[in-house]
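Printed here is input_26.csv (CSV, C-alpha atoms and all ligand atoms):
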```
chain,number,residue,atom,x,y,z
F,1,MET,CA,-7.7,-10.7,16.6
F,2,SER,CA,-9.0,-14.2,15.9
F,3,ASP,CA,-12.5,-12.7,16.2
F,4,CYS,CA,-12.0,-10.0,13.6
F,5,LEU,CA,-12.2,-10.6,9.9
F,6,SER,CA,-8.7,-10.0,8.5
F,7,VAL,CA,-8.7,-8.6,5.0
F,8,GLY,CA,-5.5,-7.9,3.0
F,9,LEU,CA,-5.9,-5.2,0.3
F,10,THR,CA,-3.4,-4.8,-2.5
F,11,GLY,CA,-2.8,-3.7,-6.1
F,12,GLY,CA,-0.2,-2.1,-8.2
F,13,ILE,CA,0.8,1.5,-7.7
F,14,ALA,CA,-2.1,3.9,-8.6
F,15,SER,CA,-4.5,1.0,-9.1
F,16,GLY,CA,-7.1,2.5,-6.7
F,17,LYS,CA,-6.3,0.9,-3.3
F,18,SER,CA,-6.8,4.1,-1.4
F,19,ALA,CA,-10.2,4.7,-3.1
F,20,VAL,CA,-11.2,1.2,-2.0
F,21,SER,CA,-10.0,1.5,1.5
F,22,GLN,CA,-11.6,4.9,2.0
F,23,ARG,CA,-15.0,3.5,0.9
F,24,MET,CA,-14.5,0.4,3.2
F,25,ALA,CA,-13.8,2.8,6.1
F,26,GLU,CA,-17.0,4.7,5.3
F,27,LEU,CA,-18.8,1.4,5.6
F,28,GLY,CA,-17.3,0.7,9.0
F,29,ALA,CA,-14.0,-1.2,8.3
F,30,VAL,CA,-11.0,-0.5,10.4
F,31,VAL,CA,-8.3,0.4,7.9
F,32,ILE,CA,-4.5,0.0,8.5
F,33,ASP,CA,-2.5,1.9,5.8
F,34,ALA,CA,1.0,0.5,5.3
F,35,ASP,CA,2.1,3.5,3.3
F,36,LEU,CA,1.2,5.8,6.1
F,37,LEU,CA,3.0,3.6,8.7
F,38,ALA,CA,6.0,3.5,6.3
F,39,ARG,CA,6.1,7.3,6.6
F,40,GLN,CA,5.7,7.3,10.4
F,41,VAL,CA,8.6,4.9,11.0
F,42,MET,CA,10.8,7.3,9.0
F,43,GLU,CA,9.9,10.5,10.8
F,44,PRO,CA,12.7,12.7,12.2
F,45,GLY,CA,14.1,11.2,15.5
F,46,THR,CA,13.2,7.6,14.6
F,47,GLU,CA,15.6,4.7,14.5
F,48,GLY,CA,14.3,3.9,11.0
F,49,LEU,CA,15.5,7.3,9.7
F,50,ALA,CA,18.8,6.9,11.5
F,51,GLU,CA,19.4,3.5,9.8
F,52,ALA,CA,18.4,4.8,6.4
F,53,VAL,CA,21.0,7.7,6.8
F,54,GLU,CA,23.6,5.1,7.8
F,55,ALA,CA,22.7,3.1,4.6
F,56,PHE,CA,22.3,5.9,2.1
F,57,GLY,CA,24.1,8.9,3.5
F,58,GLU,CA,23.1,12.4,4.7
F,59,GLY,CA,22.1,13.3,1.2
F,60,ILE,CA,18.7,11.7,1.8
F,61,LEU,CA,17.9,14.4,4.4
F,62,ARG,CA,16.4,17.8,3.8
F,63,ALA,CA,17.7,20.9,5.5
F,64,ASP,CA,15.2,20.5,8.3
F,65,GLY,CA,16.3,16.9,9.0
F,66,SER,CA,13.3,15.2,7.5
F,67,LEU,CA,13.5,12.5,4.8
F,68,ASP,CA,13.8,13.8,1.3
F,69,ARG,CA,11.4,11.3,-0.3
F,70,PRO,CA,11.9,12.2,-3.9
F,71,VAL,CA,15.7,11.9,-3.5
F,72,LEU,CA,15.4,8.5,-1.8
F,73,GLY,CA,12.9,7.4,-4.4
F,74,ARG,CA,15.4,8.2,-7.2
F,75,ILE,CA,18.0,6.1,-5.4
F,76,VAL,CA,15.8,3.0,-4.8
F,77,PHE,CA,13.6,2.7,-7.8
F,78,GLY,CA,15.9,1.4,-10.5
F,79,ASP,CA,18.4,-0.1,-8.1
F,80,GLU,CA,17.2,-3.4,-6.7
F,81,ALA,CA,19.9,-3.9,-4.1
F,82,ALA,CA,19.3,-0.4,-2.7
F,83,ARG,CA,15.6,-1.0,-2.6
F,84,GLU,CA,16.0,-4.3,-0.8
F,85,ARG,CA,18.2,-2.5,1.8
F,86,LEU,CA,15.5,0.2,2.3
F,87,ASN,CA,12.8,-2.5,2.5
F,88,SER,CA,14.8,-4.3,5.2
F,89,ILE,CA,14.8,-1.2,7.2
F,90,VAL,CA,11.2,-0.1,6.7
F,91,HIS,CA,9.2,-3.3,6.4
F,92,PRO,CA,9.8,-5.0,9.8
F,93,ARG,CA,8.9,-1.7,11.5
F,94,VAL,CA,5.7,-1.4,9.5
F,95,ARG,CA,4.7,-4.9,10.4
F,96,ALA,CA,5.3,-4.3,14.1
F,97,ALA,CA,3.3,-1.1,14.0
F,98,SER,CA,0.5,-2.8,12.1
F,99,ALA,CA,0.3,-5.7,14.5
F,100,ARG,CA,-0.2,-3.2,17.4
F,101,LEU,CA,-3.1,-1.6,15.5
F,102,ARG,CA,-4.7,-4.9,14.7
F,103,GLU,CA,-4.7,-5.9,18.4
F,104,GLN,CA,-6.8,-2.8,19.2
F,105,ALA,CA,-9.7,-3.7,16.8
F,106,ALA,CA,-13.0,-4.7,18.3
F,107,PRO,CA,-14.4,-8.2,18.0
F,108,GLY,CA,-16.5,-8.6,14.9
F,109,ALA,CA,-14.7,-5.8,13.1
F,110,VAL,CA,-13.6,-6.0,9.4
F,111,VAL,CA,-9.9,-5.1,9.6
F,112,VAL,CA,-8.5,-4.1,6.3
F,113,GLU,CA,-4.7,-3.8,5.8
F,114,ASP,CA,-3.8,-1.8,2.7
F,115,ILE,CA,-0.4,-3.2,1.7
F,116,PRO,CA,1.1,-2.3,-1.7
F,117,LEU,CA,3.7,-5.1,-1.5
F,118,LEU,CA,1.4,-7.8,0.2
F,119,VAL,CA,2.0,-10.4,-2.5
F,120,GLU,CA,5.7,-9.5,-3.1
F,121,THR,CA,6.4,-10.0,0.6
F,122,GLY,CA,4.4,-13.3,0.8
F,123,GLN,CA,1.9,-12.2,3.4
F,124,GLN,CA,-1.2,-13.6,1.7
F,125,GLU,CA,-1.6,-16.6,4.0
F,126,ARG,CA,-2.1,-14.5,7.1
F,127,PHE,CA,-5.4,-13.0,5.8
F,128,ASP,CA,-8.9,-14.5,5.8
F,129,VAL,CA,-9.6,-12.7,2.5
F,130,VAL,CA,-7.1,-11.1,0.0
F,131,VAL,CA,-8.6,-8.4,-2.2
F,132,VAL,CA,-6.7,-7.2,-5.2
F,133,VAL,CA,-7.5,-4.0,-7.2
F,134,GLN,CA,-6.7,-4.1,-10.8
F,135,ALA,CA,-6.5,-1.2,-13.3
F,136,PRO,CA,-4.9,-1.1,-16.8
F,137,GLU,CA,-1.2,-0.2,-16.7
F,138,GLN,CA,-1.5,2.6,-19.2
F,139,GLU,CA,-4.2,4.3,-17.0
F,140,ARG,CA,-2.0,3.8,-13.9
F,141,ILE,CA,0.9,5.5,-15.6
F,142,ARG,CA,-1.3,8.3,-16.7
F,143,ARG,CA,-2.5,8.9,-13.1
F,144,ILE,CA,1.1,8.8,-11.7
F,145,VAL,CA,2.3,11.3,-14.3
F,146,GLU,CA,-0.7,13.7,-14.3
F,147,ASP,CA,-1.6,13.6,-10.6
F,148,ARG,CA,1.8,13.2,-9.0
F,149,GLY,CA,4.1,15.1,-11.4
F,150,ALA,CA,6.3,12.1,-12.1
F,151,THR,CA,7.9,11.4,-15.5
F,152,GLU,CA,6.7,8.3,-17.4
F,153,GLN,CA,10.1,6.7,-16.8
F,154,GLU,CA,9.7,7.2,-13.0
F,155,ALA,CA,6.2,5.7,-13.2
F,156,ARG,CA,7.5,2.7,-15.0
F,157,SER,CA,10.4,2.1,-12.7
F,158,ARG,CA,8.0,1.9,-9.7
F,159,ILE,CA,5.8,-0.5,-11.7
F,160,ASP,CA,8.8,-2.6,-12.5
F,161,ALA,CA,9.7,-2.6,-8.8
F,162,GLN,CA,6.4,-4.5,-8.0
F,163,GLY,CA,4.9,-7.8,-8.8
F,164,THR,CA,2.7,-8.3,-11.9
F,165,ASP,CA,-1.1,-8.2,-12.2
F,166,ALA,CA,-0.9,-12.0,-12.8
F,167,GLN,CA,1.0,-12.6,-9.6
F,168,ARG,CA,-1.4,-10.5,-7.6
F,169,GLU,CA,-4.4,-12.1,-9.2
F,170,ALA,CA,-3.1,-15.6,-8.4
F,171,ALA,CA,-3.0,-14.6,-4.7
F,172,ALA,CA,-6.5,-13.0,-4.7
F,173,ASP,CA,-9.7,-14.3,-3.3
F,174,VAL,CA,-11.5,-11.2,-4.8
F,175,VAL,CA,-10.5,-9.1,-7.7
F,176,LEU,CA,-12.0,-5.5,-8.0
F,177,ASP,CA,-11.9,-4.1,-11.5
F,178,ASN,CA,-11.0,-0.5,-11.5
F,179,SER,CA,-10.9,0.1,-15.3
F,180,GLY,CA,-14.1,2.1,-15.2
F,181,THR,CA,-15.4,5.0,-13.1
F,182,LEU,CA,-14.9,5.6,-9.4
F,183,GLN,CA,-18.6,5.1,-9.0
F,184,GLN,CA,-18.3,1.6,-10.7
F,185,LEU,CA,-15.5,0.8,-8.3
F,186,GLN,CA,-17.6,1.9,-5.3
F,187,THR,CA,-20.5,-0.3,-6.3
F,188,GLN,CA,-18.2,-3.3,-6.3
F,189,VAL,CA,-16.8,-2.3,-2.9
F,190,ASP,CA,-20.3,-1.9,-1.4
F,191,GLU,CA,-21.3,-5.4,-2.6
F,192,LEU,CA,-18.1,-6.9,-1.2
F,193,MET,CA,-18.4,-5.1,2.2
F,194,GLU,CA,-21.9,-6.4,2.7
F,195,LYS,CA,-20.5,-10.0,2.5
F,196,LEU,CA,-17.4,-9.2,4.6
F,197,THR,CA,-19.4,-7.4,7.3
F,198,ALA,CA,-21.8,-10.4,7.6
F,199,ARG,CA,-18.8,-12.8,7.9
F,200,ALA,CA,-17.2,-10.6,10.5
F,201,ALA,CA,-20.3,-10.2,12.6
F,202,ALA,CA,-20.7,-14.0,12.8
F,203,ARG,CA,-17.3,-14.1,14.6
F,204,ALA,CA,-18.1,-11.5,17.3
Q,1,LIG,C1,11.2,5.4,-1.4
Q,1,LIG,C2,10.2,6.3,-0.7
Q,1,LIG,C3,10.8,7.2,0.3
Q,1,LIG,C4,9.5,7.2,-1.8
Q,1,LIG,O1,8.5,8.0,-1.2
Q,1,LIG,P1,7.3,8.6,-2.1
Q,1,LIG,O2,6.6,9.6,-1.1
Q,1,LIG,O3,7.8,9.1,-3.4
Q,1,LIG,O4,6.3,7.4,-2.4
Q,1,LIG,P2,5.2,6.7,-1.4
Q,1,LIG,O5,5.9,6.3,-0.2
Q,1,LIG,O6,4.0,7.6,-1.3
Q,1,LIG,O7,4.9,5.4,-2.2
Q,1,LIG,C5,4.0,5.4,-3.3
Q,1,LIG,C6,3.9,4.1,-3.9
Q,1,LIG,O8,5.1,3.6,-4.4
Q,1,LIG,C7,5.2,2.2,-4.3
Q,1,LIG,N1,6.3,1.8,-3.5
Q,1,LIG,C8,6.8,2.4,-2.4
Q,1,LIG,N2,7.9,1.8,-1.9
Q,1,LIG,C9,8.1,0.7,-2.7
Q,1,LIG,C10,9.0,-0.4,-2.7
Q,1,LIG,N3,10.0,-0.4,-1.8
Q,1,LIG,N4,8.9,-1.3,-3.7
Q,1,LIG,C11,8.0,-1.2,-4.6
Q,1,LIG,N5,7.0,-0.3,-4.7
Q,1,LIG,C12,7.1,0.7,-3.7
Q,1,LIG,C13,3.9,1.8,-3.6
Q,1,LIG,O9,2.9,1.4,-4.6
Q,1,LIG,C14,3.4,3.0,-2.9
Q,1,LIG,O10,2.0,3.0,-2.7
Q,1,LIG,C15,9.1,5.4,0.0
Q,1,LIG,O11,8.3,4.9,-1.0
Q,1,LIG,C16,9.6,4.3,0.9
Q,1,LIG,O12,10.0,4.6,2.0
Q,1,LIG,N6,9.5,3.1,0.4
Q,1,LIG,C17,9.9,1.9,1.2
Q,1,LIG,C18,8.8,1.4,2.0
Q,1,LIG,C19,7.8,0.6,1.3
Q,1,LIG,O13,8.1,-0.5,0.8
Q,1,LIG,N7,6.6,1.2,1.2
Q,1,LIG,C20,5.5,0.6,0.5
Q,1,LIG,C21,4.9,-0.6,1.2
Q,1,LIG,S1,4.9,-0.5,3.0
Q,2,LIG,N1,-11.8,4.7,-11.5
Q,2,LIG,C1,-11.1,5.9,-11.4
Q,2,LIG,N2,-11.3,6.9,-12.2
Q,2,LIG,C2,-10.6,8.0,-12.1
Q,2,LIG,N3,-9.7,8.3,-11.2
Q,2,LIG,C3,-9.4,7.3,-10.4
Q,2,LIG,C4,-10.1,6.0,-10.4
Q,2,LIG,N4,-9.5,5.2,-9.4
Q,2,LIG,C5,-8.6,5.9,-8.8
Q,2,LIG,N5,-8.5,7.2,-9.4
Q,2,LIG,C6,-7.5,8.2,-9.0
Q,2,LIG,O1,-6.3,7.7,-9.3
Q,2,LIG,C7,-5.3,8.1,-8.3
Q,2,LIG,C8,-4.7,6.8,-7.7
Q,2,LIG,O2,-5.7,6.1,-6.9
Q,2,LIG,P1,-5.4,5.7,-5.4
Q,2,LIG,O3,-4.7,6.7,-4.6
Q,2,LIG,O4,-6.7,5.1,-4.8
Q,2,LIG,O5,-4.4,4.5,-5.8
Q,2,LIG,P2,-3.5,3.6,-4.8
Q,2,LIG,O6,-3.5,2.2,-5.4
Q,2,LIG,O7,-3.8,3.8,-3.4
Q,2,LIG,O8,-2.0,4.3,-5.1
Q,2,LIG,P3,-0.6,4.1,-4.4
Q,2,LIG,O9,-0.1,2.7,-4.8
Q,2,LIG,O10,0.3,5.1,-4.9
Q,2,LIG,O11,-0.9,4.3,-2.9
Q,2,LIG,C9,-6.1,9.0,-7.3
Q,2,LIG,O12,-5.9,10.3,-7.6
Q,2,LIG,C10,-7.6,8.5,-7.5
Q,2,LIG,O13,-8.5,9.5,-7.2
```
Encoding of this model in C-alpha cells:
Amino acid sequence: MSDCLSVGLTGGIASGKSAVSQRMAELGAVVIDADLLARQVMEPGTEGLAEAVEAFGEGILRADGSLDRPVLGRIVFGDEAARERLNSIVHPRVRAASARLREQAAPGAVVVEDIPLLVETGQQERFDVVVVVQAPEQERIRRIVEDRGATEQEARSRIDAQGTDAQREAAADVVLDNSGTLQQLQTQVDELMEKLTARAAARA
C-alpha cells in the first residue's frame, strides 16, 4: 500500500462524490466506495445485520429478511444515540473490508476511498491527499428531494447528522466546487487526476 497514492474523497450528502469517483475510475483510479461496503456488511446472513436486529429489533427487517433501509433511516436520522449505535456496528466492518481492498491495489495506483463521514470519523491523517466536494446546501436538498423521493425534513436531518462544509474544508487538501454543471465538475476532476496520476506513478 505504501507504493499507492492514497486519496480520501468526501463531501456532504448529495454533493457529487459519486460523480467525482466515477470520473476518477474512468481515468484509471481504483475506487473503494464506503456506502457500497456499508450495504454489503448488512446483507442477510451477516453478523452486522444480526447485531443491528439485536440493537433495533426485528422491525428493521423486511418480510424477506433483508434490511429495511428506509425504516432504519427513520430511526437513526434524528436520534443521535441510535445513529452512534448503528455507526459502531457498521463502521468497523466497513474499515476492515476497505483495508482488504486497499491491499489488492497495484503499485503506482491512485486508490480513492469515497467516505461520506471521513472527516467526522477523523480519518484524514491516513490519506496522502484529502479531496472534498462542495455544493450549495439548497441544491443538495433539492437533489435529495427530487431524485430520491425524500421529504425536505428527511434531507435536512441527514445534513444535520453530518459535519459542516467548513469542517470538511478545514481537512481538505483539494476542494472541488460542484455548484455548476456536471461538465464543469468533470473538468476539475480531469485536472486533479493528471496531478494525482503523476504523483502515484513516481511511487511505483
Ligand atoms: C441508515 C441506513 C440504513 C439508510 O440507508 P439509505 O439507503 O436510506 O441511505 P444510504 O446508505 O444510501 O446513505 C445515503 C447517504 O446518507 C448519509 N449517511 C448514511 N449513513 C449516515 C450516518 N450514519 N451518519 C451521517 N450520514 C449518513 C451519507 O451521505 C450517505 O451517502 C444507511 O445509511 C446506513 O446503514 N448507515 C450507517 C452506515 C454509514 O455510516 N454509512 C455512511 C458512511 S460508511
Ligand atoms: N453539477 C451537477 N449538476 C446536476 N446534477 C448533479 C451535479 N452533481 C451531481 N448531480 C446529481 O446529483 C445527485 C447526487 O450526486 P452524487 O450521487 O454524485 O452525490 P454523492 O455525494 O455521491 O451522494 P451521497 O452522499 O448520497 O452518496 C446525482 O443524481 C447526480 O447525478
Point-to-point distance in Å for CA of Leu182 in chain F and atom C1 of ligand LIG 2 (chain Q):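 Distance between the two atoms: 4.3 Å.
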Thr187 in chain F surroundings by all atoms listed in the file, 12 Å radius, close-in-sequence under 5 positions cut, as a ChimeraX atom specification: /F:19-20,23-24,176-178,180-182,192-194
Could you give me, as a ChimeraX atom specification, every polymer residue with an atom at most 8 Å away from an atom of ligand LIG 1 (chain Q), counting all atoms listed in the file? /F:11-14,34-39,42,67-77,83-84,86-87,90-91,94,115-117,158-159,161-162
Within 10 Å of range 144-147 of chain F, counting all atoms listed in the file, which residues qualify if same-chain residues fewer than 5 places away don't, as an NGL selection string? :F and (13-15 or 139 or 152-156 or 158)
So how far away is CA of Gly78 in chain F from atom O12 of ligand LIG 2 (chain Q), in Å?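 Value for the atom O12 of ligand LIG 2 (chain Q)-CA of Gly78 in chain F distance: 23.7 Å.
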